[in-house]
Each structure stands twice: as C-alpha cells, then as structure tokens.
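Have a look at input-v8.cif; it's mmCIF, C-alpha atoms:
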```
data_protein
loop_
_atom_site.label_atom_id
_atom_site.label_comp_id
_atom_site.auth_asym_id
_atom_site.auth_seq_id
_atom_site.Cartn_x
_atom_site.Cartn_y
_atom_site.Cartn_z
CA MET D 22 133.50 106.03 135.18
CA LYS D 23 131.60 105.95 138.44
CA ILE D 24 128.28 107.67 139.00
CA LEU D 25 125.76 107.78 141.81
CA LEU D 26 122.56 106.16 140.56
CA ASN D 27 119.75 106.61 143.09
CA ASN D 28 122.40 107.14 145.78
CA ARG D 29 124.19 103.91 144.90
CA GLU D 30 127.62 103.87 143.24
CA GLU D 31 127.57 102.29 139.77
CA GLU D 32 130.47 101.72 137.41
CA PHE D 33 130.32 102.00 133.60
CA PRO D 34 133.00 100.92 131.12
CA ARG D 35 133.12 104.28 129.30
CA GLU D 36 132.53 108.00 129.65
CA PRO D 37 130.41 109.86 128.82
CA ILE D 38 127.18 107.97 128.14
CA SER D 39 123.76 109.37 127.32
CA ILE D 40 120.75 108.83 129.54
CA SER D 41 119.28 106.57 126.83
CA GLU D 42 122.48 104.48 126.84
CA LEU D 43 122.44 104.29 130.62
CA ILE D 44 118.86 102.98 130.57
CA SER D 45 119.67 100.32 127.97
CA MET D 46 122.99 99.32 129.59
CA LYS D 47 121.20 98.80 132.89
CA LYS D 48 118.41 96.93 131.03
CA PHE D 49 115.82 99.08 132.80
CA SER D 50 112.37 98.06 131.58
CA PHE D 51 109.51 100.18 130.28
CA ARG D 52 108.21 101.65 133.51
CA MET D 53 107.27 105.33 133.56
CA ARG D 54 110.03 107.35 135.14
CA ILE D 55 111.31 110.86 135.67
CA ILE D 56 115.02 111.62 135.77
CA LYS D 57 117.19 114.27 137.37
CA VAL D 58 120.92 114.62 136.73
CA ASN D 59 122.80 116.60 139.39
CA GLY D 60 119.43 117.92 140.51
CA ILE D 61 118.37 119.16 137.08
CA PHE D 62 115.20 117.74 135.57
CA ILE D 63 115.78 116.06 132.19
CA PRO D 64 112.73 115.90 129.87
CA GLN D 65 112.24 112.61 128.01
CA ASP D 66 113.09 114.15 124.61
CA GLN D 67 116.56 114.99 125.94
CA TYR D 68 117.49 111.47 127.10
CA GLY D 69 119.49 110.91 123.92
CA SER D 70 121.39 114.20 124.08
CA THR D 71 122.03 114.47 127.83
CA LEU D 72 125.43 113.06 128.76
CA VAL D 73 126.33 111.52 132.10
CA ARG D 74 129.93 111.92 133.25
CA ASP D 75 132.14 110.60 136.05
CA GLY D 76 130.89 111.72 139.46
CA ASP D 77 127.41 112.69 138.26
CA ARG D 78 124.41 112.09 140.47
CA VAL D 79 121.51 110.49 138.58
CA GLN D 80 118.09 110.09 140.18
CA MET D 81 115.31 108.02 138.63
CA HIS D 82 111.84 108.06 140.16
CA TYR D 83 109.11 105.71 139.02
CA LEU D 84 105.55 106.76 138.36
CA MET D 85 102.83 104.24 139.17
CA SER D 86 99.32 104.56 137.80
CA GLY D 87 96.39 105.11 140.13
CA GLY D 88 94.68 108.05 141.71
CA MET I 25 100.75 127.67 167.10
CA LYS I 26 97.00 127.71 167.55
CA PHE I 27 94.74 126.47 164.74
CA ASP I 28 93.30 129.95 164.15
CA GLU I 29 96.82 131.28 163.54
CA ILE I 30 97.65 128.36 161.26
CA ARG I 31 94.45 128.90 159.26
CA LYS I 32 95.17 132.61 158.99
CA HIS I 33 98.64 131.90 157.62
CA LEU I 34 97.36 129.30 155.14
CA SER I 35 94.59 131.64 153.95
CA ARG I 36 97.24 133.70 152.15
CA PHE I 37 98.26 130.94 149.76
CA ARG I 38 97.00 129.36 146.55
CA VAL I 39 97.34 125.67 145.74
CA GLY I 40 96.91 124.05 142.32
CA ILE I 41 95.38 120.59 142.03
CA ALA I 42 95.78 118.78 138.71
CA GLY I 43 92.98 116.21 138.60
CA ALA I 44 89.82 115.93 140.70
CA GLY I 45 89.57 112.15 141.06
CA GLY I 46 90.50 110.04 144.08
CA LEU I 47 93.63 112.00 144.91
CA GLY I 48 92.49 115.48 143.89
CA SER I 49 89.04 115.46 145.51
CA ASN I 50 90.29 114.08 148.84
CA CYS I 51 93.36 116.33 148.88
CA ALA I 52 91.16 119.37 148.13
CA VAL I 53 88.85 118.49 151.02
CA ALA I 54 91.76 118.27 153.47
CA LEU I 55 93.24 121.57 152.26
CA THR I 56 89.84 123.29 152.42
CA ARG I 57 89.38 122.11 156.02
CA CYS I 58 92.81 123.61 156.80
CA GLY I 59 91.70 126.96 155.43
CA ILE I 60 93.90 127.32 152.34
CA GLY I 61 93.11 130.68 150.71
CA SER I 62 92.41 129.45 147.23
CA LEU I 63 92.48 126.28 145.19
CA VAL I 64 92.93 126.07 141.43
CA ILE I 65 91.43 122.76 140.32
CA ALA I 66 91.51 121.29 136.81
CA ASP I 67 89.72 118.18 135.55
CA HIS I 68 87.70 117.31 132.45
CA ASP I 69 85.69 114.32 133.73
CA SER I 70 82.19 113.93 135.10
CA VAL I 71 81.28 112.00 138.25
CA GLU I 72 80.48 108.35 137.52
CA GLU I 73 79.18 105.61 139.79
CA PRO I 74 82.49 103.64 139.95
CA ASN I 75 84.26 106.81 141.20
CA LEU I 76 82.32 106.68 144.47
CA ASN I 77 84.52 103.88 145.84
CA ARG I 78 87.20 106.46 146.62
CA GLN I 79 86.40 109.95 145.32
CA TYR I 80 84.79 112.70 147.40
CA TYR I 81 81.45 112.83 145.57
CA PHE I 82 77.90 111.73 146.28
CA THR I 83 75.35 109.61 144.42
CA ASP I 84 73.21 112.65 143.57
CA GLN I 85 76.23 114.19 141.79
CA ILE I 86 76.58 111.42 139.19
CA GLY I 87 76.73 112.97 135.73
CA LYS I 88 77.94 116.34 137.02
CA ALA I 89 81.31 117.76 136.03
CA LYS I 90 83.79 116.89 138.79
CA THR I 91 85.00 120.48 138.96
CA ILE I 92 81.46 121.74 139.66
CA ALA I 93 80.61 118.90 142.05
CA LEU I 94 83.84 119.44 143.98
CA GLU I 95 83.29 123.19 144.20
CA GLU I 96 79.85 122.49 145.73
CA ASN I 97 81.27 120.04 148.27
CA LEU I 98 84.18 122.28 149.24
CA SER I 99 81.92 125.31 149.72
CA ARG I 100 79.76 123.24 152.09
CA ILE I 101 82.87 122.46 154.17
CA ASN I 102 84.50 125.88 154.24
CA PRO I 103 83.10 128.71 152.11
CA GLU I 104 86.17 130.81 152.98
CA THR I 105 88.37 128.81 150.62
CA HIS I 106 88.08 130.34 147.17
CA VAL I 107 87.90 127.74 144.41
CA VAL I 108 88.76 128.45 140.80
CA SER I 109 88.13 125.48 138.55
CA PHE I 110 88.94 124.65 134.96
CA GLN I 111 86.93 121.96 133.19
CA THR I 112 89.62 121.10 130.72
CA ILE I 113 92.13 118.44 129.71
CA LEU I 114 95.53 119.53 130.96
CA ASP I 115 98.42 119.39 128.51
CA LYS I 116 101.82 120.99 127.94
CA SER I 117 100.20 124.05 126.36
CA ASN I 118 97.81 125.08 129.16
CA ILE I 119 99.41 123.91 132.43
CA SER I 120 101.62 126.92 133.03
CA GLY I 121 98.78 129.35 132.25
CA ILE I 122 96.43 127.66 134.70
CA PHE I 123 98.85 127.03 137.57
CA SER I 124 101.45 129.82 137.27
CA GLY I 125 100.00 131.79 140.21
CA CYS I 126 100.08 128.84 142.60
CA ASP I 127 102.44 128.44 145.55
CA VAL I 128 102.39 124.63 145.30
CA ILE I 129 100.98 122.18 142.74
CA VAL I 130 99.49 118.80 143.63
CA GLU I 131 99.78 116.05 141.00
CA ALA I 132 96.50 114.14 141.28
CA PHE I 133 96.19 112.19 138.06
CA ASP I 134 95.30 108.56 137.56
CA SER I 135 97.46 107.60 134.60
CA ALA I 136 101.24 107.40 134.87
CA GLU I 137 101.59 109.05 131.44
CA MET I 138 99.67 112.12 132.64
CA LYS I 139 101.69 112.22 135.86
CA LYS I 140 104.89 112.25 133.84
CA MET I 141 103.59 114.92 131.45
CA LEU I 142 102.56 117.19 134.33
CA ILE I 143 105.82 116.79 136.29
CA GLU I 144 107.86 117.38 133.13
CA THR I 145 105.86 120.50 132.27
CA VAL I 146 105.97 121.98 135.77
CA GLN I 147 109.66 121.21 136.30
CA THR I 148 110.62 122.79 132.98
CA GLN I 149 108.06 125.61 132.58
CA LEU I 150 107.38 126.51 136.25
CA PRO I 151 110.62 125.32 137.89
CA HIS I 152 110.18 127.55 140.94
CA ILE I 153 106.85 125.96 141.97
CA PRO I 154 107.08 122.84 144.16
CA ILE I 155 105.11 119.84 142.89
CA VAL I 156 103.78 117.12 145.19
CA VAL I 157 103.45 113.83 143.31
CA ALA I 158 101.54 110.64 144.15
CA SER I 159 103.06 107.37 142.98
CA GLY I 160 101.94 103.95 144.18
CA LEU I 161 98.65 103.54 146.00
CA ALA I 162 96.94 100.54 144.38
CA GLY I 163 95.12 97.85 146.36
CA TRP I 164 94.69 97.61 150.11
CA GLY I 165 96.70 97.02 153.30
CA LYS I 166 100.49 97.40 153.48
CA ASN I 167 100.32 100.63 155.44
CA ASN I 168 104.02 100.68 156.12
CA THR I 169 104.98 100.65 152.45
CA ILE I 170 103.43 104.08 151.93
CA ARG I 171 106.03 106.76 152.43
CA PHE I 172 106.98 110.32 151.68
CA ARG I 173 110.21 111.49 150.07
CA LYS I 174 111.49 114.98 149.52
CA ILE I 175 113.69 114.81 146.41
CA ASP I 176 114.57 118.51 146.54
CA ASP I 177 112.84 121.85 147.19
CA THR I 178 110.66 121.45 144.08
CA LEU I 179 109.81 117.74 144.01
CA TYR I 180 108.05 115.61 146.64
CA ILE I 181 106.75 112.05 146.20
CA CYS I 182 104.04 110.33 148.27
CA GLY I 183 103.13 106.65 147.89
CA ASP I 184 104.72 103.22 147.88
CA GLU I 185 106.43 103.93 144.51
CA SER I 186 105.86 100.32 143.46
CA SER I 187 102.20 99.29 143.15
CA ASP I 188 100.59 99.91 139.76
CA VAL I 189 96.81 99.82 139.42
CA ASN I 190 95.44 96.80 137.51
CA ASP I 191 92.22 94.72 137.39
CA ASP I 192 93.25 92.74 140.47
CA LEU I 193 94.77 95.71 142.28
CA PRO I 194 92.23 98.51 141.98
CA PRO I 195 92.48 101.92 143.59
CA MET I 196 90.45 101.89 146.83
CA ALA I 197 89.37 104.55 149.31
CA PRO I 198 91.76 103.77 152.19
CA ARG I 199 95.09 103.83 150.34
CA VAL I 200 94.05 106.54 147.88
CA GLY I 201 92.81 108.61 150.83
CA ILE I 202 96.04 108.05 152.78
CA VAL I 203 98.17 109.25 149.87
CA ALA I 204 95.84 112.18 149.05
CA ASN I 205 95.96 113.31 152.67
CA MET I 206 99.71 112.78 152.75
CA GLN I 207 99.96 115.13 149.76
CA ALA I 208 97.80 117.69 151.59
CA ASN I 209 100.05 117.28 154.63
CA VAL I 210 103.14 118.01 152.51
CA VAL I 211 101.43 121.10 151.06
CA VAL I 212 100.65 122.39 154.56
CA GLU I 213 104.24 121.72 155.63
CA ILE I 214 105.64 123.62 152.64
CA LEU I 215 103.29 126.57 153.19
CA MET I 216 103.87 126.73 156.95
CA GLN I 217 107.59 127.17 156.22
CA LYS I 218 106.91 129.99 153.78
CA SER I 219 106.89 133.56 154.92
CA ILE I 220 103.85 135.57 153.95
CA ARG I 221 103.79 136.93 150.40
CA GLN I 222 103.87 140.69 150.10
#
```
As structure tokens, the full file:
Amino acid sequence: MKILLNNREEEFPREPISISELISMKKFSFRMRIIKVNGIFIPQDQYGSTLVRDGDRVQMHYLMSGG
Amino acid sequence: MKFDEIRKHLSRFRVGIAGAGGLGSNCAVALTRCGIGSLVIADHDSVEEPNLNRQYYFTDQIGKAKTIALEENLSRINPETHVVSFQTILDKSNISGIFSGCDVIVEAFDSAEMKKMLIETVQTQLPHIPIVVASGLAGWGKNNTIRFRKIDDTLYICGDESSDVNDDLPPMAPRVGIVANMQANVVVEILMQKSIRQ
C-alpha cells in the first residue's frame, strides 16, 4: 500500500498496518512525537489499535524540549 | 485597522497559557501589550535565579510563585487585561476544566513529555480549541531555522522543530523570546480572524 507520510509518498509491503508497526518498520527512534491520521489526532495509547490503510495521510510532528 | 480598533477586538477574547516559564511569561507579556481581554495562566513553579536568563521576571521576585509574579508584571504593563492564574501542576484531569473557556491555548512548557501530554489532552478533550505549540528553540543564532507551521485549524507549531535543550544547548532569551512572541503573533492572527462572540 501507499500512504502519504508527512506529505511524502511511502510504500509498505502490506495493508493495513498499525501506527506502532509503522513506527517500527520505519525504524523511527525514541523522539517525542504527536501523530494525526487523515487529520484526526491519535493519542499514544491508540498507536497499537489504529490502522493505517492505502491512501491514508499520516502526519508526525516532533516535540523538542525547551521553553 | 487602527491599533485602538485592534485592541478593542482583542479585548473580547480569552487566551490560555500552559506554563509561565520562558515561553509563557514572554508570550503573556506580548498578548497583554496587545490588549487581550483575559489570560488564564497555569504554572506550579516559583521564580529562581537561573530563570532570569530568559523569563520575564525580576531579581526581587525570586522565590515568588511565577503565577503571582507574572500577574504583578502584567498588571504593570496593562491593567486592562484580566489575569486568572492557577498555581497547579497541569495534568490530564485538570486541563479541560482550567482552559475550557479559552478561545486559544498556548503550549508553553519546558519538557517534551509535558508538551505531548497537553497537546494530547487538548486535541482529545477540547478539540474545538486551537493550540499553539512551541517545538525547537534551544541555543542561539540560526534565525532562519525558526519557522511557523499551521497543521490545521486546531494545531499550530512554532520553532525549528529540531533543536532539543541539553547542557551544551541551553534555552536562552533571544530564541526563546522569538518563539514566545511568534506564538503570541499566531494567537493574534487567529483572534483577528474570529468574529466577535455573542
């Protein structure tokens, strides 16, 4: 399947995958992030149960410390 | 539009500020100077000497609760802005109670964990209220890496989105102030586009 990940097209070998699977397949490291799928905010405790399907738009925004 | 008309428009709105450190204190000052009607400010800390490298406090306020010190400073700038402050640690259980009446919420925390907790809580419990987030302001220089992004009508991010604070990259007045004022600028932009509440 193909999804839009931060406005860039990315291909994955199967469909659907959970947010948690997406993070581990992309080998994204520990940084603090927030995620929206098709514009809907996904809380961290739903990363395992939220499924990403072909054509979905996934946005990840990173949170840096400091203020 | 003349400044008096802008101030009159802004006086009808309420802005929440989560955290009264480098981001929150400077953002609150900018919004108070613009004539925002009321500010709801929450923080649990007291003013300490190391805070003075970037936060809007004074040496004679060391030891004072930040909420009280900030209220004093804001009232000296513009007594017309009504300040409601909460000296409390924000968490998932009290955020919506404190900020539910706000037109916009400013995320002004230091730690990334708290930023995430606040955004998650506001986006799920108060999904109609826009939140203006700061992410990436450590160190000095690199003016052109600091940017603003509107993700959608409820989520705005200010900062370079890449620099994390550490011992060799501390938060300092110029970059923290730039991002805090950028957040205030986003708040003003959002409120200027809003029609007046009935």
Original post:
Residues of chain I within 7 Å of chain D, using all atoms listed in the file, as a list of chain:residue names?
Top reply: I:Gly45, I:Gly46, I:Leu47, I:Ala132, I:Phe133, I:Asp134, I:Ser135, I:Ala136, I:Lys140, I:Glu144, I:Gln147, I:Ser159, I:Gly160, I:Leu161, I:Ala162, I:Glu185, I:Ser186, I:Ser187, I:Asp188, I:Val189, I:Pro195, I:Val200
Original post:
So which residues are close to (121.2, 112.1, 137.4), meaning at most 10 Å away in the file's coordinates with all atoms listed in the file counted, and can you show them as a list of chain:residue names?
Top reply: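 Protein, DNA and RNA residues close to (121.2, 112.1, 137.4): D:Ile24, D:Leu25, D:Leu26, D:Asn27, D:Asn28, D:Ile40, D:Ile56, D:Lys57, D:Val58, D:Asn59, D:Gly60, D:Ile61, D:Phe62, D:Ile63, D:Thr71, D:Leu72, D:Val73, D:Arg74, D:Gly76, D:Asp77, D:Arg78, D:Val79, D:Gln80, D:Met81.
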**OP:** Quick one: apply the PyMOL selection byres ((chain I and resi 213) around 12) to the file and drop the selected residues here as a PyMOL selection string.
**Re:** chain I and resi 30+33-34+55+58+128+154+156+174+180+206-212+214-218
Subject >> Residues near Ala52 in chain I, cut-off 10 Å, all atoms listed in the file, skip fewer than 5 positions along chain, as a list in words >> reply: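 Counting all atoms listed in the file, the residues come to Val39, Gly40, Ile41, Ala44, Leu47, Arg57, Cys58, Ile60, Leu63, Val64, Ile65, Tyr80, Leu94, Glu95, Asn97, Leu98, Val107, Val130, Ala204, Asn205, Gln207 and Ala208 of chain I.
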Original post:
Using only C-alpha atoms, which of the listed residues (I:Thr56, I:Thr148, I:Ser120, I:Ser219) sits closest to Ile101 in chain I?
Top reply: I:Thr56
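One finds CA of Lys116 in chain I at 9.0 Å from CA of Gln149 in chain I.
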Original post:
So which residues fall inside 12 Å of (99.0, 120.3, 128.0) if we count only C-alpha atoms? Mind giving them as number ranges by chain?
Top reply: I: 42, 66, 112-123, 138-146, 149
Store the residues picked out above, limited to C-alpha atoms, as a CSV table (one decimal), in the coordinates of the input.
```csv
chain,number,residue,atom,x,y,z
I,42,ALA,CA,95.8,118.8,138.7
I,66,ALA,CA,91.5,121.3,136.8
I,112,THR,CA,89.6,121.1,130.7
I,113,ILE,CA,92.1,118.4,129.7
I,114,LEU,CA,95.5,119.5,131.0
I,115,ASP,CA,98.4,119.4,128.5
I,116,LYS,CA,101.8,121.0,127.9
I,117,SER,CA,100.2,124.0,126.4
I,118,ASN,CA,97.8,125.1,129.2
I,119,ILE,CA,99.4,123.9,132.4
I,120,SER,CA,101.6,126.9,133.0
I,121,GLY,CA,98.8,129.4,132.2
I,122,ILE,CA,96.4,127.7,134.7
I,123,PHE,CA,98.8,127.0,137.6
I,138,MET,CA,99.7,112.1,132.6
I,139,LYS,CA,101.7,112.2,135.9
I,140,LYS,CA,104.9,112.2,133.8
I,141,MET,CA,103.6,114.9,131.4
I,142,LEU,CA,102.6,117.2,134.3
I,143,ILE,CA,105.8,116.8,136.3
I,144,GLU,CA,107.9,117.4,133.1
I,145,THR,CA,105.9,120.5,132.3
I,146,VAL,CA,106.0,122.0,135.8
I,149,GLN,CA,108.1,125.6,132.6
```
Original post:
Between CA of Asn50 in chain I and CA of Arg31 in chain I, what is the spacing in Å?
Top reply: 18.6 Å
**OP:** Would you mind reading off the distance between CA of Asn190 in chain I and CA of Leu76 in chain I, one decimal, in Å?
**Re:**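 The value is 17.8 Å.
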**OP:** For Lys90 in chain I, list every protein, DNA or RNA residue within 7 Å, evaluated using all atoms listed in the file, and leave out those in the same chain fewer than 3 positions away; present the list as a list of chain:residue names.
**Re:**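 Here the answer would be I:Ala44, I:Asp67, I:Asp69, I:Ser70, I:Val71, I:Ala93, I:Leu94.
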Please produce a file of the residues just selected, as a compact mmCIF listing (two decimals), keeping the file's coordinate frame, where the atoms kept are C-alpha atoms.
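So part-v7.txt came out as:
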```
# COMPACT_ATOMS: atom_id res chain seq x y z
CA ALA I 44 89.82 115.93 140.70
CA ASP I 67 89.72 118.18 135.55
CA ASP I 69 85.69 114.32 133.73
CA SER I 70 82.19 113.93 135.10
CA VAL I 71 81.28 112.00 138.25
CA ALA I 93 80.61 118.90 142.05
CA LEU I 94 83.84 119.44 143.98
```
**OP:** Would you list the contacts of Pro34 in chain D as a ChimeraX atom specification, taking every protein, DNA or RNA residue within 12 Å and counting only C-alpha atoms, but skipping same-chain residues closer than 6 positions in sequence?
**Re:** /D:22-24,42-43,46,74-75
Range 33-39 of chain D, all listed atoms, 5 Å padding on each side: what axis-aligned box centre and edge lengths in Å to one decimal come out, as AutoDock Vina command-line options?
```
--center_x 128.4 --center_y 105.4 --center_z 130.5 --size_x 19.4 --size_y 18.9 --size_z 16.3
```
**OP:** Mind checking which residues fall within 6 Å of Ile181 in chain I, counting only C-alpha atoms, ignoring those fewer than 5 positions away in the same chain, and posting them as a ChimeraX atom specification?
**Re:** /I:156-158,172-173
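Distances from I:Met25, I:Ile202, I:Ala54, I:Met196 to Gly163 in chain I were compared using all atoms listed in the file, and the smallest one belongs to I:Met196.
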